[in-house]
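Containing PDB, C-alpha atoms: work08.pdb.
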```pdb
ATOM      1  CA  MET A 148       0.000   0.000   0.000
ATOM      2  CA  SER A 149       1.399   3.383  -0.997
ATOM      3  CA  GLN A 150       1.970   5.867   1.793
ATOM      4  CA  ILE A 151       0.979   9.319   0.598
ATOM      5  CA  ARG A 152       1.653  12.628   2.256
ATOM      6  CA  ARG A 153       0.767  15.282  -0.275
ATOM      7  CA  ARG A 154       2.045  18.790   0.042
ATOM      8  CA  LYS A 155      -0.029  21.593  -1.331
ATOM      9  CA  LEU A 156       1.609  23.213  -4.327
ATOM     10  CA  LEU A 157       2.257  26.856  -3.592
ATOM     11  CA  PHE A 158       3.252  29.538  -6.015
ATOM     12  CA  ALA A 159       5.227  32.701  -5.532
ATOM     13  CA  THR A 160       2.390  34.946  -6.611
ATOM     14  CA  GLY A 161      -0.037  33.757  -3.953
ATOM     15  CA  ALA A 162      -2.983  31.453  -3.558
ATOM     16  CA  LEU A 163      -6.120  31.340  -5.691
ATOM     17  CA  LEU A 164      -9.207  32.837  -4.145
ATOM     18  CA  VAL A 165     -12.237  30.569  -4.410
ATOM     19  CA  ILE A 166     -15.064  32.487  -6.041
ATOM     20  CA  PRO A 167     -18.614  31.152  -6.392
ATOM     21  CA  VAL A 168     -19.451  30.210  -9.970
ATOM     22  CA  ALA A 169     -22.535  32.423  -9.922
ATOM     23  CA  ALA A 170     -20.353  35.442  -9.214
ATOM     24  CA  ILE A 171     -18.160  34.743 -12.242
ATOM     25  CA  ALA A 172     -20.765  34.574 -14.976
ATOM     26  CA  GLN A 173     -20.284  38.056 -16.440
ATOM     27  CA  HIS A 174     -21.839  37.388 -19.839
ATOM     28  CA  PRO A 175     -24.275  34.454 -19.626
ATOM     29  CA  GLY A 176     -24.855  34.417 -23.408
ATOM     30  CA  LYS A 177     -21.217  34.743 -24.478
ATOM     31  CA  ILE A 178     -19.353  31.715 -25.815
ATOM     32  CA  SER A 179     -15.586  31.943 -25.356
ATOM     33  CA  ARG A 180     -13.424  30.235 -27.958
ATOM     34  CA  ILE A 181      -9.888  29.245 -27.001
ATOM     35  CA  GLY A 182      -7.240  27.057 -28.570
ATOM     36  CA  PHE A 183      -5.129  24.422 -26.836
ATOM     37  CA  LEU A 184      -1.822  23.627 -28.506
ATOM     38  CA  GLY A 185       0.024  20.598 -27.163
ATOM     39  CA  LEU A 186       2.939  18.453 -28.246
ATOM     40  CA  ARG A 187       1.607  15.498 -26.332
ATOM     41  CA  SER A 188      -1.626  13.642 -27.096
ATOM     42  CA  ARG A 189      -4.487  13.846 -24.598
ATOM     43  CA  ALA A 190      -3.497  13.181 -20.995
ATOM     44  CA  SER A 191      -4.952  13.492 -17.504
ATOM     45  CA  ASP A 192      -3.229  16.872 -17.212
ATOM     46  CA  TYR A 193      -5.534  18.251 -19.882
ATOM     47  CA  ALA A 194      -8.528  17.066 -17.881
ATOM     48  CA  ALA A 195      -7.164  19.113 -14.975
ATOM     49  CA  PHE A 196      -7.288  22.177 -17.225
ATOM     50  CA  THR A 197     -10.899  21.611 -18.302
ATOM     51  CA  GLN A 198     -11.825  20.928 -14.679
ATOM     52  CA  GLY A 199     -10.190  24.201 -13.682
ATOM     53  CA  MET A 200     -12.193  26.006 -16.334
ATOM     54  CA  ARG A 201     -15.374  24.312 -15.140
ATOM     55  CA  GLU A 202     -14.728  25.423 -11.569
ATOM     56  CA  LEU A 203     -14.532  28.989 -12.856
ATOM     57  CA  GLY A 204     -17.866  28.689 -14.632
ATOM     58  CA  TYR A 205     -16.732  27.743 -18.150
ATOM     59  CA  VAL A 206     -18.227  24.532 -19.539
ATOM     60  CA  ASP A 207     -16.970  23.183 -22.848
ATOM     61  CA  GLY A 208     -19.885  22.917 -25.266
ATOM     62  CA  LYS A 209     -22.011  25.485 -23.395
ATOM     63  CA  ASN A 210     -20.270  28.801 -22.817
ATOM     64  CA  LEU A 211     -16.842  27.586 -23.894
ATOM     65  CA  VAL A 212     -15.391  26.013 -27.022
ATOM     66  CA  ILE A 213     -11.885  24.516 -26.847
ATOM     67  CA  GLU A 214     -10.143  23.882 -30.160
ATOM     68  CA  TRP A 215      -7.703  21.055 -29.399
ATOM     69  CA  ARG A 216      -4.594  20.814 -31.567
ATOM     70  CA  LEU A 217      -2.318  18.022 -30.326
ATOM     71  CA  ALA A 218       0.808  17.009 -32.241
ATOM     72  CA  ASP A 219       1.156  13.498 -30.745
ATOM     73  CA  GLY A 220       4.857  13.988 -30.089
ATOM     74  CA  GLN A 221       5.650  15.271 -33.604
ATOM     75  CA  PHE A 222       7.447  18.589 -33.197
ATOM     76  CA  ASP A 223       7.174  19.534 -36.869
ATOM     77  CA  ARG A 224       3.354  19.609 -36.687
ATOM     78  CA  LEU A 225       3.235  22.383 -34.093
ATOM     79  CA  PRO A 226       3.846  25.428 -36.371
ATOM     80  CA  GLY A 227       1.018  24.440 -38.726
ATOM     81  CA  MET A 228      -1.353  23.786 -35.829
ATOM     82  CA  ALA A 229      -0.498  27.144 -34.249
ATOM     83  CA  ALA A 230      -1.125  28.928 -37.562
ATOM     84  CA  GLU A 231      -4.472  27.149 -37.868
ATOM     85  CA  LEU A 232      -5.566  28.382 -34.425
ATOM     86  CA  VAL A 233      -4.611  31.924 -35.415
ATOM     87  CA  ARG A 234      -6.693  31.668 -38.606
ATOM     88  CA  MET A 235      -9.634  30.474 -36.493
ATOM     89  CA  LYS A 236      -9.299  33.713 -34.474
ATOM     90  CA  VAL A 237      -9.398  32.017 -31.087
ATOM     91  CA  GLU A 238      -9.363  34.441 -28.150
ATOM     92  CA  ILE A 239      -6.497  32.738 -26.297
ATOM     93  CA  ILE A 240      -4.004  29.963 -27.079
ATOM     94  CA  VAL A 241      -3.108  27.679 -24.153
ATOM     95  CA  THR A 242       0.174  25.841 -24.675
ATOM     96  CA  GLN A 243       1.639  22.589 -23.352
ATOM     97  CA  SER A 244       5.424  22.199 -23.622
ATOM     98  CA  THR A 245       8.206  24.604 -24.527
ATOM     99  CA  PRO A 246       8.090  23.749 -28.275
ATOM    100  CA  ALA A 247       4.359  24.565 -28.325
ATOM    101  CA  VAL A 248       5.017  27.959 -26.740
ATOM    102  CA  GLY A 249       7.649  28.649 -29.384
ATOM    103  CA  ALA A 250       5.293  27.679 -32.205
ATOM    104  CA  ALA A 251       2.481  29.850 -30.837
ATOM    105  CA  LYS A 252       4.826  32.798 -30.324
ATOM    106  CA  GLN A 253       6.018  32.520 -33.909
ATOM    107  CA  ALA A 254       2.427  32.365 -35.176
ATOM    108  CA  THR A 255       1.056  35.423 -33.353
ATOM    109  CA  SER A 256       2.041  38.476 -31.383
ATOM    110  CA  ALA A 257      -1.565  39.605 -30.926
ATOM    111  CA  ILE A 258      -3.509  36.647 -29.507
ATOM    112  CA  PRO A 259      -2.788  36.061 -25.789
ATOM    113  CA  ILE A 260      -0.766  32.923 -25.074
ATOM    114  CA  VAL A 261      -1.093  31.134 -21.717
ATOM    115  CA  ILE A 262       1.684  28.698 -20.809
ATOM    116  CA  ALA A 263       0.265  25.682 -18.993
ATOM    117  CA  SER A 264       3.683  24.048 -18.614
ATOM    118  CA  SER A 265       7.084  24.972 -19.963
ATOM    119  CA  ALA A 266      10.696  25.364 -18.950
ATOM    120  CA  ASP A 267      12.007  28.786 -17.914
ATOM    121  CA  PRO A 268      10.273  31.202 -20.349
ATOM    122  CA  VAL A 269      12.862  33.918 -19.686
ATOM    123  CA  GLU A 270      15.798  31.647 -20.595
ATOM    124  CA  ALA A 271      13.852  30.471 -23.648
ATOM    125  CA  GLY A 272      13.396  34.078 -24.776
ATOM    126  CA  PHE A 273       9.597  34.008 -24.652
ATOM    127  CA  VAL A 274       9.162  36.818 -22.101
ATOM    128  CA  ALA A 275      11.124  39.765 -20.733
ATOM    129  CA  SER A 276      10.830  38.775 -17.072
ATOM    130  CA  LEU A 277       8.740  36.626 -14.743
ATOM    131  CA  ALA A 278       7.312  39.636 -12.895
ATOM    132  CA  ARG A 279       6.348  41.574 -16.031
ATOM    133  CA  PRO A 280       6.395  39.286 -19.065
ATOM    134  CA  GLY A 281       5.426  41.990 -21.553
ATOM    135  CA  GLY A 282       4.021  41.111 -24.960
ATOM    136  CA  ASN A 283       1.262  38.529 -25.311
ATOM    137  CA  ILE A 284       2.609  35.632 -23.211
ATOM    138  CA  THR A 285       2.085  34.671 -19.560
ATOM    139  CA  GLY A 286       1.332  31.549 -17.525
ATOM    140  CA  LEU A 287       3.313  29.021 -15.515
ATOM    141  CA  SER A 288       6.863  27.727 -15.535
ATOM    142  CA  LEU A 289       8.014  24.249 -14.571
ATOM    143  CA  SER A 290      11.449  25.581 -13.769
ATOM    144  CA  ASN A 291      13.060  26.503 -10.500
ATOM    145  CA  VAL A 292      16.814  27.007 -10.131
ATOM    146  CA  GLU A 293      16.837  24.751  -7.068
ATOM    147  CA  LEU A 294      15.238  21.758  -8.793
ATOM    148  CA  THR A 295      18.114  20.177 -10.749
ATOM    149  CA  PRO A 296      20.699  20.367  -7.916
ATOM    150  CA  LYS A 297      18.157  18.823  -5.526
ATOM    151  CA  GLN A 298      17.463  15.968  -7.939
ATOM    152  CA  LEU A 299      21.200  15.309  -8.210
ATOM    153  CA  GLU A 300      21.531  15.440  -4.415
ATOM    154  CA  MET A 301      18.820  12.787  -4.022
ATOM    155  CA  LEU A 302      20.362  10.579  -6.690
ATOM    156  CA  ILE A 303      23.717  10.687  -4.905
ATOM    157  CA  ALA A 304      21.977   9.759  -1.654
ATOM    158  CA  MET A 305      20.736   6.625  -3.436
ATOM    159  CA  VAL A 306      24.048   5.991  -5.263
ATOM    160  CA  PRO A 307      26.780   7.322  -2.906
ATOM    161  CA  LYS A 308      29.711   6.455  -5.205
ATOM    162  CA  LEU A 309      28.172   8.130  -8.250
ATOM    163  CA  SER A 310      30.835   9.562 -10.548
ATOM    164  CA  ARG A 311      29.244   9.377 -14.016
ATOM    165  CA  VAL A 312      25.597  10.108 -14.791
ATOM    166  CA  ALA A 313      23.903   9.880 -18.184
ATOM    167  CA  VAL A 314      21.245  12.370 -19.279
ATOM    168  CA  LEU A 315      18.520  11.346 -21.724
ATOM    169  CA  THR A 316      17.885  14.461 -23.790
ATOM    170  CA  ASN A 317      16.164  15.542 -26.998
ATOM    171  CA  ARG A 318      17.689  18.293 -29.142
ATOM    172  CA  ASP A 319      14.227  19.183 -30.529
ATOM    173  CA  ASP A 320      13.145  20.346 -27.074
ATOM    174  CA  GLY A 321      14.696  23.770 -26.468
ATOM    175  CA  ALA A 322      14.099  23.502 -22.719
ATOM    176  CA  HIS A 323      16.692  20.745 -22.470
ATOM    177  CA  VAL A 324      19.542  23.129 -23.270
ATOM    178  CA  VAL A 325      18.895  25.153 -20.114
ATOM    179  CA  THR A 326      18.243  22.137 -17.890
ATOM    180  CA  LEU A 327      21.365  20.364 -19.120
ATOM    181  CA  LYS A 328      23.461  23.471 -18.452
ATOM    182  CA  ASN A 329      22.157  23.652 -14.872
ATOM    183  CA  LEU A 330      22.804  19.951 -14.344
ATOM    184  CA  VAL A 331      26.374  20.127 -15.655
ATOM    185  CA  ALA A 332      27.111  23.123 -13.404
ATOM    186  CA  ALA A 333      25.744  21.325 -10.325
ATOM    187  CA  ALA A 334      27.585  18.084 -11.174
ATOM    188  CA  GLN A 335      30.943  19.785 -11.727
ATOM    189  CA  LYS A 336      30.860  21.211  -8.212
ATOM    190  CA  ILE A 337      30.855  17.713  -6.728
ATOM    191  CA  GLY A 338      33.061  15.972  -9.271
ATOM    192  CA  VAL A 339      30.364  14.066 -11.174
ATOM    193  CA  ARG A 340      30.755  13.694 -14.938
ATOM    194  CA  VAL A 341      27.652  14.233 -17.097
ATOM    195  CA  LEU A 342      27.121  12.169 -20.259
ATOM    196  CA  PRO A 343      24.347  13.615 -22.498
ATOM    197  CA  VAL A 344      22.722  11.011 -24.751
ATOM    198  CA  GLU A 345      20.164  12.142 -27.323
ATOM    199  CA  ALA A 346      17.028  10.361 -28.471
ATOM    200  CA  ARG A 347      14.336  11.623 -30.836
ATOM    201  CA  THR A 348      12.683   8.351 -31.870
ATOM    202  CA  PRO A 349      11.673   5.148 -30.043
ATOM    203  CA  GLU A 350      14.566   3.358 -31.757
ATOM    204  CA  GLU A 351      17.009   6.007 -30.554
ATOM    205  CA  ILE A 352      15.770   5.554 -26.989
ATOM    206  CA  GLU A 353      16.747   1.887 -27.213
ATOM    207  CA  ARG A 354      20.184   2.770 -28.577
ATOM    208  CA  ALA A 355      20.621   5.544 -26.004
ATOM    209  CA  PHE A 356      20.473   3.107 -23.093
ATOM    210  CA  ALA A 357      22.919   0.770 -24.807
ATOM    211  CA  THR A 358      25.275   3.753 -25.147
ATOM    212  CA  MET A 359      24.870   4.641 -21.482
ATOM    213  CA  LYS A 360      25.848   1.138 -20.463
ATOM    214  CA  LYS A 361      28.790   1.091 -22.880
ATOM    215  CA  GLU A 362      30.031   4.420 -21.470
ATOM    216  CA  GLN A 363      29.754   2.998 -17.925
ATOM    217  CA  ALA A 364      27.117   5.420 -16.681
ATOM    218  CA  GLN A 365      25.999   4.600 -13.143
ATOM    219  CA  ALA A 366      22.608   6.348 -13.268
ATOM    220  CA  VAL A 367      20.420   8.334 -15.648
ATOM    221  CA  PHE A 368      18.551  11.641 -15.567
ATOM    222  CA  VAL A 369      15.498  11.705 -17.824
ATOM    223  CA  LEU A 370      14.713  15.297 -18.774
ATOM    224  CA  ILE A 371      11.086  16.414 -18.928
ATOM    225  CA  SER A 372       9.757  15.959 -22.457
ATOM    226  CA  PRO A 373       6.319  15.166 -23.902
ATOM    227  CA  PHE A 374       8.036  12.688 -26.231
ATOM    228  CA  PHE A 375       9.765  10.901 -23.358
ATOM    229  CA  ALA A 376       6.552  10.949 -21.325
ATOM    230  CA  THR A 377       4.792   9.111 -24.140
ATOM    231  CA  HIS A 378       7.461   6.379 -23.903
ATOM    232  CA  ARG A 379       7.894   6.486 -20.114
ATOM    233  CA  GLN A 380       7.117   2.798 -19.624
ATOM    234  CA  ARG A 381       9.818   1.730 -22.057
ATOM    235  CA  ILE A 382      12.284   4.212 -20.574
ATOM    236  CA  ALA A 383      11.628   2.928 -17.048
ATOM    237  CA  ASP A 384      11.982  -0.691 -18.207
ATOM    238  CA  LEU A 385      15.238   0.013 -20.054
ATOM    239  CA  ALA A 386      16.724   1.810 -17.053
ATOM    240  CA  VAL A 387      16.046  -1.182 -14.823
ATOM    241  CA  ALA A 388      17.195  -3.680 -17.462
ATOM    242  CA  HIS A 389      20.528  -1.858 -17.749
ATOM    243  CA  GLY A 390      20.893  -1.522 -13.995
ATOM    244  CA  LEU A 391      20.616   2.279 -14.051
ATOM    245  CA  PRO A 392      18.897   4.144 -11.198
ATOM    246  CA  SER A 393      16.747   6.811 -12.857
ATOM    247  CA  VAL A 394      15.698  10.230 -11.619
ATOM    248  CA  VAL A 395      12.901  12.165 -13.317
ATOM    249  CA  GLY A 396      10.783  15.255 -12.754
ATOM    250  CA  LEU A 397       7.331  13.678 -13.024
ATOM    251  CA  ARG A 398       5.549  11.147 -10.797
ATOM    252  CA  GLU A 399       4.056   9.238 -13.745
ATOM    253  CA  TYR A 400       7.494   7.832 -14.611
ATOM    254  CA  VAL A 401       7.857   6.387 -11.099
ATOM    255  CA  THR A 402       4.510   4.632 -11.334
ATOM    256  CA  ALA A 403       5.889   3.117 -14.570
ATOM    257  CA  GLY A 404       8.987   1.863 -12.731
ATOM    258  CA  ALA A 405      11.538   4.694 -12.611
ATOM    259  CA  LEU A 406      13.419   4.961  -9.318
ATOM    260  CA  LEU A 407      12.467   8.430  -8.091
ATOM    261  CA  SER A 408      10.917  11.701  -9.120
ATOM    262  CA  TYR A 409      11.295  15.119  -7.621
ATOM    263  CA  GLY A 410       9.192  17.859  -9.127
ATOM    264  CA  THR A 411       5.957  19.760  -9.163
ATOM    265  CA  ASN A 412       2.391  18.490  -9.564
ATOM    266  CA  ILE A 413       1.668  19.016 -13.254
ATOM    267  CA  GLY A 414      -2.086  18.741 -12.781
ATOM    268  CA  ASP A 415      -2.001  21.733 -10.452
ATOM    269  CA  LEU A 416      -0.206  23.763 -13.116
ATOM    270  CA  TYR A 417      -2.993  23.068 -15.592
ATOM    271  CA  ARG A 418      -5.670  24.036 -13.069
ATOM    272  CA  ARG A 419      -3.787  27.279 -12.438
ATOM    273  CA  ALA A 420      -3.570  27.890 -16.196
ATOM    274  CA  ALA A 421      -7.366  28.077 -16.202
ATOM    275  CA  THR A 422      -7.209  31.071 -13.832
ATOM    276  CA  TYR A 423      -5.015  32.918 -16.334
ATOM    277  CA  VAL A 424      -7.492  32.216 -19.121
ATOM    278  CA  ASP A 425     -10.298  33.510 -16.917
ATOM    279  CA  LYS A 426      -8.444  36.738 -16.099
ATOM    280  CA  ILE A 427      -7.608  37.420 -19.738
ATOM    281  CA  LEU A 428     -11.171  36.738 -20.889
ATOM    282  CA  LYS A 429     -12.233  39.334 -18.325
ATOM    283  CA  GLY A 430      -9.884  41.948 -19.745
ATOM    284  CA  ALA A 431      -6.475  41.436 -18.117
ATOM    285  CA  LYS A 432      -3.406  41.980 -20.315
ATOM    286  CA  PRO A 433      -1.162  38.892 -20.485
ATOM    287  CA  GLY A 434       2.010  40.974 -20.407
ATOM    288  CA  GLU A 435       1.016  42.363 -17.014
ATOM    289  CA  LEU A 436       0.237  38.996 -15.372
ATOM    290  CA  PRO A 437       3.328  37.630 -13.557
ATOM    291  CA  ILE A 438       4.506  34.167 -14.534
ATOM    292  CA  GLU A 439       4.292  31.734 -11.628
ATOM    293  CA  GLN A 440       7.060  29.377 -10.580
ATOM    294  CA  PRO A 441       6.544  26.374  -8.295
ATOM    295  CA  THR A 442       8.050  26.775  -4.828
ATOM    296  CA  THR A 443       7.379  23.326  -3.384
ATOM    297  CA  PHE A 444       7.990  19.902  -4.879
ATOM    298  CA  SER A 445       7.083  16.290  -4.193
ATOM    299  CA  LEU A 446       9.479  13.360  -3.821
ATOM    300  CA  VAL A 447       8.167   9.988  -5.010
ATOM    301  CA  ILE A 448      10.231   6.780  -4.715
ATOM    302  CA  ASN A 449       9.568   3.362  -6.221
ATOM    303  CA  ARG A 450      10.536   0.921  -3.474
ATOM    304  CA  LYS A 451      10.210  -2.112  -5.753
ATOM    305  CA  THR A 452      12.631  -0.617  -8.298
ATOM    306  CA  ALA A 453      15.130   0.216  -5.558
ATOM    307  CA  LYS A 454      15.015  -3.397  -4.398
ATOM    308  CA  THR A 455      15.427  -4.723  -7.952
ATOM    309  CA  LEU A 456      18.501  -2.521  -8.438
ATOM    310  CA  GLY A 457      19.931  -3.617  -5.093
ATOM    311  CA  LEU A 458      19.719  -0.125  -3.604
ATOM    312  CA  THR A 459      18.988   0.813  -0.013
ATOM    313  CA  ILE A 460      16.772   3.857   0.406
ATOM    314  CA  PRO A 461      18.476   6.152   2.941
ATOM    315  CA  ARG A 462      16.502   7.104   6.011
ATOM    316  CA  GLU A 463      16.752  10.774   5.058
ATOM    317  CA  LEU A 464      14.855  10.105   1.816
ATOM    318  CA  LEU A 465      12.331   7.800   3.500
ATOM    319  CA  LEU A 466      11.454  10.602   5.904
ATOM    320  CA  ARG A 467      11.386  13.189   3.142
ATOM    321  CA  ALA A 468       9.316  11.200   0.632
ATOM    322  CA  ASP A 469       5.784  12.312  -0.104
ATOM    323  CA  GLU A 470       4.928   8.934  -1.605
ATOM    324  CA  MET A 471       6.423   5.436  -1.641
ATOM    325  CA  ILE A 472       5.325   3.117  -4.449
ATOM    326  CA  ASP A 473       5.577  -0.631  -3.974
TER
END
```

As structure tokens, please, write out the structure in this file.
Amino acid sequence: MSQIRRRKLLFATGALLVIPVAAIAQHPGKISRIGFLGLRSRASDYAAFTQGMRELGYVDGKNLVIEWRLADGQFDRLPGMAAELVRMKVEIIVTQSTPAVGAAKQATSAIPIVIASSADPVEAGFVASLARPGGNITGLSLSNVELTPKQLEMLIAMVPKLSRVAVLTNRDDGAHVVTLKNLVAAAQKIGVRVLPVEARTPEEIERAFATMKKEQAQAVFVLISPFFATHRQRIADLAVAHGLPSVVGLREYVTAGALLSYGTNIGDLYRRAATYVDKILKGAKPGELPIEQPTTFSLVINRKTAKTLGLTIPRELLLRADEMID
């Protein structure tokens, strides 16, 4: 039985005030039309977004129409989908993933863009600053400067003699450049060598793990990517098969068999994205809405995977874990 101690996800800009639905309905007869541009095919995270909209009084098919454009992991489809949403004259484009933000930004500078999840939008060049984004983009960032060093710290707690760690990365995902840079900087401080290994297709994922083993990697970081998330079960299986403890940023990998995750609750980000859509529909300017960063994270450990890999979970991580999966 899993032991769960969930922490409430807090954001730097403050908590959401709960407002009765009846108080929100400004224009009962108005139908709002928004676009949703995602690299990944439909997932539970998207349901969190529609639920968030529903809680704010917007019901898809009644006073809301959502035009879904999902690229199913194919990066090259995003620009065309973004252009299509612009031609449809949607009021807002909600984006999932850093590549989707980039495609939407390239397609329009007039239609508001709400980031539901993305790496650091400042580093990516999407906005001027977190406090005052400027332009037509706002929303939520997955990034926090403390995240990567903490993940490395937890991995070393599990693998005390770690000296070489592989990183599964995808050159098509611009967010990986920043994350990899942060990881290399943190690893250099403690004498750990980083081995980036790229994969853009399912076949390349298979070859990537063979390369990691050949290069004598002792563990693997899996960077956040909609493409990798689609293949999370295979990635988790390959990590175990090659004897590599894996650290990831999303809980769903750990339920698939990865060793541990340390990161934010993605579903909460999508619910929060709904509040941005609501504010913009009511007249707020996206460039004046601060971009939120997560300030608390959850640690999830797969006890069965640790046992399979012959690892002992340190007491410090047992006490710190928000969830243990057997």

Determine the residue set returned by the PyMOL selection byres ((chain A and resi 374) around 10) for the present structure, and present it as a PyMOL selection string.
chain A and resi 186-188+219-222+317+319-320+346-349+371-373+375-379

Resolved residues for the PyMOL selection byres ((chain A and resi 412) around 12) as a PyMOL selection string:
chain A and resi 153-158+191-192+195+264+288-289+396-399+408-411+413-419+440-447+469

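Shortest atom-to-atom contact with Thr242 of chain A among A:Leu342, A:Ala263, A:Leu370, A:Leu458: A:Ala263, counting all atoms listed in the file.
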
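Shortest atom-to-atom contact with Phe273 of chain A among A:Ala313, A:Ile239, A:Val331, A:Ala322: A:Ala322, counting only C-alpha atoms.
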
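Across the model, the gap from atom CA of Val274 of chain A to atom CA of Val212 of chain A is 27.3 Å.
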
Mind checking which residues fall within 12 Å of segment 250-252 of chain A, counting only C-alpha atoms, ignoring those fewer than 2 positions away in the same chain, and posting them as a ChimeraX atom specification?
/A:182-186,216,218,222-233,239-248,254-262,268,271-274,282-285,320-321

Given the file above and the PyMOL selection byres ((chain A and resi 358) around 12), which residues are selected, and can you give them as number ranges by chain?
A: 313-315, 342-346, 351-357, 359-364, 367, 385-386, 389

Atom-to-atom span, atom CA of Lys328 of chain A and atom CA of Glu470 of chain A, Å:
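Atom CA of Glu470 of chain A lies at a distance of 29.0 Å from atom CA of Lys328 of chain A.
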
If we count all atoms listed in the file, what is near segment 302-307 of chain A at a cut-off of 7 Å, once residues fewer than 6 positions away on the same chain are taken out, given as number ranges by chain?
A: 394, 458-461

Atom CA of Met471 of chain A to atom CA of Ala403 of chain A, distance in Å rounded to a single decimal:
13.1 Å

I'd like the neighbourhood of Lys451 of chain A as an mmCIF file with C-alpha atoms, in the coordinates of the input, where a residue qualifies if any of its atoms comes within 10 Å (using all atoms listed in the file), though same-chain residues fewer than 5 positions away should be ignored.
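Saved as out23.cif:
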```cif
data_model
loop_
_atom_site.group_PDB
_atom_site.id
_atom_site.type_symbol
_atom_site.label_atom_id
_atom_site.label_comp_id
_atom_site.auth_asym_id
_atom_site.auth_seq_id
_atom_site.Cartn_x
_atom_site.Cartn_y
_atom_site.Cartn_z
ATOM 1 C CA GLY A 404 8.987 1.863 -12.731
ATOM 2 C CA ALA A 405 11.538 4.694 -12.611
ATOM 3 C CA LEU A 406 13.419 4.961 -9.318
ATOM 4 C CA LEU A 456 18.501 -2.521 -8.438
ATOM 5 C CA GLY A 457 19.931 -3.617 -5.093
ATOM 6 C CA LEU A 458 19.719 -0.125 -3.604
ATOM 7 C CA MET A 471 6.423 5.436 -1.641
ATOM 8 C CA ILE A 472 5.325 3.117 -4.449
ATOM 9 C CA ASP A 473 5.577 -0.631 -3.974
#
```

Out of A:Leu287, A:Val387, A:Ala366, A:Val269, which residue has the shortest atom-to-atom distance to Val325 of chain A when counting all atoms listed in the file?
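Checking each candidate against Val325 of chain A, we get A:Val269 as the closest.
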
Calculated over only C-alpha atoms, which of the candidates A:Gly338, A:Gly199, A:Gly286, A:Pro392 has the smallest distance to Asn449 of chain A?
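Result for the nearest residue to Asn449 of chain A: A:Pro392.
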
How big is the axis-aligned box, and where does its centre sit, when it encloses all atoms of segment 355-362 of chain A listed in the file and has 5 Å added on every side, reported in Å to one decimal as AutoDock Vina command-line options?
```
--center_x 25.3 --center_y 3.2 --center_z -23.2 --size_x 19.6 --size_y 14.8 --size_z 15.5
```

Taking only C-alpha atoms into account, which of A:Val395, A:Ala453, A:Leu428, A:Ile382 comes nearest Val369 of chain A?
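Closest residue, counting only C-alpha atoms: A:Val395.
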
Kindly indicate which residue among A:Val401, A:Met235, A:Ile178, A:Thr422 lies nearest to Glu439 of chain A, using all atoms listed in the file for the distances.
A:Thr422
